[in-house]
Amino acid sequence: MSDALAERISFAHQLGQLEGRITALERKVDVFEQRIERQLGAIEGKLDALTSALNFGRGGWKVLAVLASLLAALVGVVNWVLGAVGR
């Protein structure tokens with residue numbers, strides 16, 4: 001009977017550790033999501049400025065080059081996030 005009780009206690013302890021790890025992971029993901037949202041907000045602001053520059057008709061090729069580099073950076077961030085979450 002005491003072996004069964006010890007197994008239940010051990011299981012409950014392991015379950016508590018797992019819940020703690022999940023909670024810590026959720027916090028990290030929340031912080032990471034907030035950081036990404038801030039970065040995306042900054043990128044949106046830059047895109048608005050670039051769109052305005054493009055609408056003025058000056059330096060269209062520069063705007064396209066910057067947009068392409070921002071898109072490449074965003075793809076890199078998304079790839080990194082997916083790689084980090086998949087671990």
# chains A, B, ... in the order shown; residues from 1 in each chain; ligands from 1
$ residues_around --residues "segment 37-41 of chain A" --least-positions-apart "2" --cutoff "12 Å" --atoms "only C-alpha atoms" --output "MDAnalysis selection string"
chainID A and resid 30:35 43:48 70:71 73:74 77:78
$ residues_around --residues "segment 61-65 of chain A" --least-positions-apart "3" --cutoff "10 Å" --atoms "only C-alpha atoms" --output "MDAnalysis selection string"
chainID A and resid 47 49:54 58 68:71
$ atom_distance --atom1 "atom CA of Arg8 of chain A" --atom2 "atom CA of Gly20 of chain A"
18.3 Å
$ atom_distance --atom1 "atom CA of His13 of chain A" --atom2 "atom CA of Leu25 of chain A"
18.5 Å
$ decode --residues "segment 25-71 of chain A" --atoms "N, CA and C atoms" --output "PDB file, in the first residue's frame"
ATOM      1  N   LEU A  25       7.457  28.524 -19.772  1.00  0.00           N
ATOM      2  CA  LEU A  25       7.506  28.595 -21.223  1.00  0.00           C
ATOM      3  C   LEU A  25       6.460  29.567 -21.755  1.00  0.00           C
ATOM      4  N   GLU A  26       5.263  29.545 -21.176  1.00  0.00           N
ATOM      5  CA  GLU A  26       4.212  30.470 -21.594  1.00  0.00           C
ATOM      6  C   GLU A  26       4.637  31.909 -21.358  1.00  0.00           C
ATOM      7  N   ARG A  27       5.305  32.175 -20.239  1.00  0.00           N
ATOM      8  CA  ARG A  27       5.786  33.535 -19.967  1.00  0.00           C
ATOM      9  C   ARG A  27       6.808  33.966 -21.010  1.00  0.00           C
ATOM     10  N   LYS A  28       7.732  33.073 -21.337  1.00  0.00           N
ATOM     11  CA  LYS A  28       8.745  33.396 -22.337  1.00  0.00           C
ATOM     12  C   LYS A  28       8.106  33.676 -23.695  1.00  0.00           C
ATOM     13  N   VAL A  29       7.123  32.874 -24.055  1.00  0.00           N
ATOM     14  CA  VAL A  29       6.440  33.065 -25.333  1.00  0.00           C
ATOM     15  C   VAL A  29       5.702  34.405 -25.336  1.00  0.00           C
ATOM     16  N   ASP A  30       5.063  34.767 -24.225  1.00  0.00           N
ATOM     17  CA  ASP A  30       4.367  36.054 -24.140  1.00  0.00           C
ATOM     18  C   ASP A  30       5.330  37.212 -24.325  1.00  0.00           C
ATOM     19  N   VAL A  31       6.481  37.149 -23.675  1.00  0.00           N
ATOM     20  CA  VAL A  31       7.485  38.208 -23.813  1.00  0.00           C
ATOM     21  C   VAL A  31       7.983  38.271 -25.249  1.00  0.00           C
ATOM     22  N   PHE A  32       8.218  37.121 -25.836  1.00  0.00           N
ATOM     23  CA  PHE A  32       8.694  37.057 -27.210  1.00  0.00           C
ATOM     24  C   PHE A  32       7.659  37.633 -28.169  1.00  0.00           C
ATOM     25  N   GLU A  33       6.377  37.299 -27.961  1.00  0.00           N
ATOM     26  CA  GLU A  33       5.311  37.827 -28.811  1.00  0.00           C
ATOM     27  C   GLU A  33       5.206  39.339 -28.687  1.00  0.00           C
ATOM     28  N   GLN A  34       5.353  39.871 -27.479  1.00  0.00           N
ATOM     29  CA  GLN A  34       5.309  41.317 -27.284  1.00  0.00           C
ATOM     30  C   GLN A  34       6.457  41.989 -28.021  1.00  0.00           C
ATOM     31  N   ARG A  35       7.633  41.391 -27.960  1.00  0.00           N
ATOM     32  CA  ARG A  35       8.790  41.958 -28.648  1.00  0.00           C
ATOM     33  C   ARG A  35       8.571  41.950 -30.164  1.00  0.00           C
ATOM     34  N   ILE A  36       8.020  40.879 -30.681  1.00  0.00           N
ATOM     35  CA  ILE A  36       7.746  40.799 -32.116  1.00  0.00           C
ATOM     36  C   ILE A  36       6.699  41.835 -32.515  1.00  0.00           C
ATOM     37  N   GLU A  37       5.663  42.013 -31.688  1.00  0.00           N
ATOM     38  CA  GLU A  37       4.634  43.008 -31.990  1.00  0.00           C
ATOM     39  C   GLU A  37       5.236  44.410 -32.034  1.00  0.00           C
ATOM     40  N   ARG A  38       6.159  44.722 -31.110  1.00  0.00           N
ATOM     41  CA  ARG A  38       6.814  46.036 -31.131  1.00  0.00           C
ATOM     42  C   ARG A  38       7.626  46.199 -32.404  1.00  0.00           C
ATOM     43  N   GLN A  39       8.349  45.153 -32.780  1.00  0.00           N
ATOM     44  CA  GLN A  39       9.168  45.220 -33.993  1.00  0.00           C
ATOM     45  C   GLN A  39       8.289  45.369 -35.233  1.00  0.00           C
ATOM     46  N   LEU A  40       7.180  44.653 -35.270  1.00  0.00           N
ATOM     47  CA  LEU A  40       6.281  44.769 -36.413  1.00  0.00           C
ATOM     48  C   LEU A  40       5.656  46.163 -36.478  1.00  0.00           C
ATOM     49  N   GLY A  41       5.364  46.747 -35.317  1.00  0.00           N
ATOM     50  CA  GLY A  41       4.846  48.110 -35.284  1.00  0.00           C
ATOM     51  C   GLY A  41       5.855  49.095 -35.855  1.00  0.00           C
ATOM     52  N   ALA A  42       7.120  48.905 -35.504  1.00  0.00           N
ATOM     53  CA  ALA A  42       8.174  49.769 -36.042  1.00  0.00           C
ATOM     54  C   ALA A  42       8.303  49.578 -37.550  1.00  0.00           C
ATOM     55  N   ILE A  43       8.204  48.346 -38.002  1.00  0.00           N
ATOM     56  CA  ILE A  43       8.294  48.071 -39.437  1.00  0.00           C
ATOM     57  C   ILE A  43       7.116  48.704 -40.167  1.00  0.00           C
ATOM     58  N   GLU A  44       5.922  48.636 -39.581  1.00  0.00           N
ATOM     59  CA  GLU A  44       4.759  49.250 -40.209  1.00  0.00           C
ATOM     60  C   GLU A  44       4.942  50.755 -40.346  1.00  0.00           C
ATOM     61  N   GLY A  45       5.514  51.376 -39.320  1.00  0.00           N
ATOM     62  CA  GLY A  45       5.778  52.809 -39.397  1.00  0.00           C
ATOM     63  C   GLY A  45       6.747  53.140 -40.517  1.00  0.00           C
ATOM     64  N   LYS A  46       7.783  52.321 -40.646  1.00  0.00           N
ATOM     65  CA  LYS A  46       8.753  52.535 -41.717  1.00  0.00           C
ATOM     66  C   LYS A  46       8.116  52.308 -43.085  1.00  0.00           C
ATOM     67  N   LEU A  47       7.251  51.311 -43.180  1.00  0.00           N
ATOM     68  CA  LEU A  47       6.575  51.054 -44.452  1.00  0.00           C
ATOM     69  C   LEU A  47       5.663  52.210 -44.834  1.00  0.00           C
ATOM     70  N   ASP A  48       5.008  52.802 -43.842  1.00  0.00           N
ATOM     71  CA  ASP A  48       4.171  53.970 -44.127  1.00  0.00           C
ATOM     72  C   ASP A  48       5.006  55.116 -44.673  1.00  0.00           C
ATOM     73  N   ALA A  49       6.166  55.335 -44.066  1.00  0.00           N
ATOM     74  CA  ALA A  49       7.058  56.395 -44.552  1.00  0.00           C
ATOM     75  C   ALA A  49       7.543  56.082 -45.960  1.00  0.00           C
ATOM     76  N   LEU A  50       7.862  54.818 -46.211  1.00  0.00           N
ATOM     77  CA  LEU A  50       8.321  54.427 -47.543  1.00  0.00           C
ATOM     78  C   LEU A  50       7.206  54.551 -48.574  1.00  0.00           C
ATOM     79  N   THR A  51       6.004  54.226 -48.183  1.00  0.00           N
ATOM     80  CA  THR A  51       4.869  54.373 -49.086  1.00  0.00           C
ATOM     81  C   THR A  51       4.666  55.837 -49.448  1.00  0.00           C
ATOM     82  N   SER A  52       4.812  56.703 -48.469  1.00  0.00           N
ATOM     83  CA  SER A  52       4.697  58.135 -48.738  1.00  0.00           C
ATOM     84  C   SER A  52       5.781  58.580 -49.711  1.00  0.00           C
ATOM     85  N   ALA A  53       6.990  58.094 -49.510  1.00  0.00           N
ATOM     86  CA  ALA A  53       8.087  58.442 -50.416  1.00  0.00           C
ATOM     87  C   ALA A  53       7.812  57.930 -51.826  1.00  0.00           C
ATOM     88  N   LEU A  54       7.248  56.745 -51.913  1.00  0.00           N
ATOM     89  CA  LEU A  54       6.939  56.184 -53.223  1.00  0.00           C
ATOM     90  C   LEU A  54       5.838  56.986 -53.900  1.00  0.00           C
ATOM     91  N   ASN A  55       4.873  57.448 -53.112  1.00  0.00           N
ATOM     92  CA  ASN A  55       3.785  58.243 -53.670  1.00  0.00           C
ATOM     93  C   ASN A  55       4.280  59.576 -54.212  1.00  0.00           C
ATOM     94  N   PHE A  56       5.361  60.098 -53.680  1.00  0.00           N
ATOM     95  CA  PHE A  56       5.922  61.334 -54.201  1.00  0.00           C
ATOM     96  C   PHE A  56       6.643  61.108 -55.519  1.00  0.00           C
ATOM     97  N   GLY A  57       6.901  59.867 -55.861  1.00  0.00           N
ATOM     98  CA  GLY A  57       7.502  59.548 -57.142  1.00  0.00           C
ATOM     99  C   GLY A  57       9.007  59.683 -57.170  1.00  0.00           C
ATOM    100  N   ARG A  58       9.631  59.858 -56.031  1.00  0.00           N
ATOM    101  CA  ARG A  58      11.083  59.998 -55.985  1.00  0.00           C
ATOM    102  C   ARG A  58      11.703  58.725 -55.404  1.00  0.00           C
ATOM    103  N   GLY A  59      12.698  58.262 -56.046  1.00  0.00           N
ATOM    104  CA  GLY A  59      13.460  57.142 -55.492  1.00  0.00           C
ATOM    105  C   GLY A  59      12.668  55.861 -55.376  1.00  0.00           C
ATOM    106  N   GLY A  60      11.859  55.529 -56.370  1.00  0.00           N
ATOM    107  CA  GLY A  60      11.053  54.311 -56.326  1.00  0.00           C
ATOM    108  C   GLY A  60      11.905  53.057 -56.205  1.00  0.00           C
ATOM    109  N   TRP A  61      13.042  53.029 -56.857  1.00  0.00           N
ATOM    110  CA  TRP A  61      13.903  51.845 -56.791  1.00  0.00           C
ATOM    111  C   TRP A  61      14.486  51.682 -55.397  1.00  0.00           C
ATOM    112  N   LYS A  62      14.760  52.819 -54.724  1.00  0.00           N
ATOM    113  CA  LYS A  62      15.274  52.730 -53.354  1.00  0.00           C
ATOM    114  C   LYS A  62      14.221  52.158 -52.419  1.00  0.00           C
ATOM    115  N   VAL A  63      12.997  52.611 -52.618  1.00  0.00           N
ATOM    116  CA  VAL A  63      11.893  52.127 -51.791  1.00  0.00           C
ATOM    117  C   VAL A  63      11.717  50.623 -51.984  1.00  0.00           C
ATOM    118  N   LEU A  64      11.760  50.184 -53.231  1.00  0.00           N
ATOM    119  CA  LEU A  64      11.615  48.752 -53.498  1.00  0.00           C
ATOM    120  C   LEU A  64      12.755  47.949 -52.884  1.00  0.00           C
ATOM    121  N   ALA A  65      13.961  48.488 -52.921  1.00  0.00           N
ATOM    122  CA  ALA A  65      15.106  47.790 -52.325  1.00  0.00           C
ATOM    123  C   ALA A  65      14.943  47.682 -50.813  1.00  0.00           C
ATOM    124  N   VAL A  66      14.483  48.746 -50.181  1.00  0.00           N
ATOM    125  CA  VAL A  66      14.279  48.728 -48.724  1.00  0.00           C
ATOM    126  C   VAL A  66      13.143  47.775 -48.370  1.00  0.00           C
ATOM    127  N   LEU A  67      12.068  47.816 -49.152  1.00  0.00           N
ATOM    128  CA  LEU A  67      10.951  46.892 -48.893  1.00  0.00           C
ATOM    129  C   LEU A  67      11.406  45.441 -49.022  1.00  0.00           C
ATOM    130  N   ALA A  68      12.203  45.153 -50.022  1.00  0.00           N
ATOM    131  CA  ALA A  68      12.699  43.787 -50.201  1.00  0.00           C
ATOM    132  C   ALA A  68      13.570  43.368 -49.027  1.00  0.00           C
ATOM    133  N   SER A  69      14.408  44.282 -48.540  1.00  0.00           N
ATOM    134  CA  SER A  69      15.263  43.933 -47.399  1.00  0.00           C
ATOM    135  C   SER A  69      14.440  43.744 -46.131  1.00  0.00           C
ATOM    136  N   LEU A  70      13.408  44.571 -45.939  1.00  0.00           N
ATOM    137  CA  LEU A  70      12.535  44.390 -44.770  1.00  0.00           C
ATOM    138  C   LEU A  70      11.779  43.075 -44.853  1.00  0.00           C
ATOM    139  N   LEU A  71      11.310  42.743 -46.037  1.00  0.00           N
ATOM    140  CA  LEU A  71      10.613  41.471 -46.216  1.00  0.00           C
ATOM    141  C   LEU A  71      11.553  40.299 -45.941  1.00  0.00           C
TER     142      LEU A  71
END
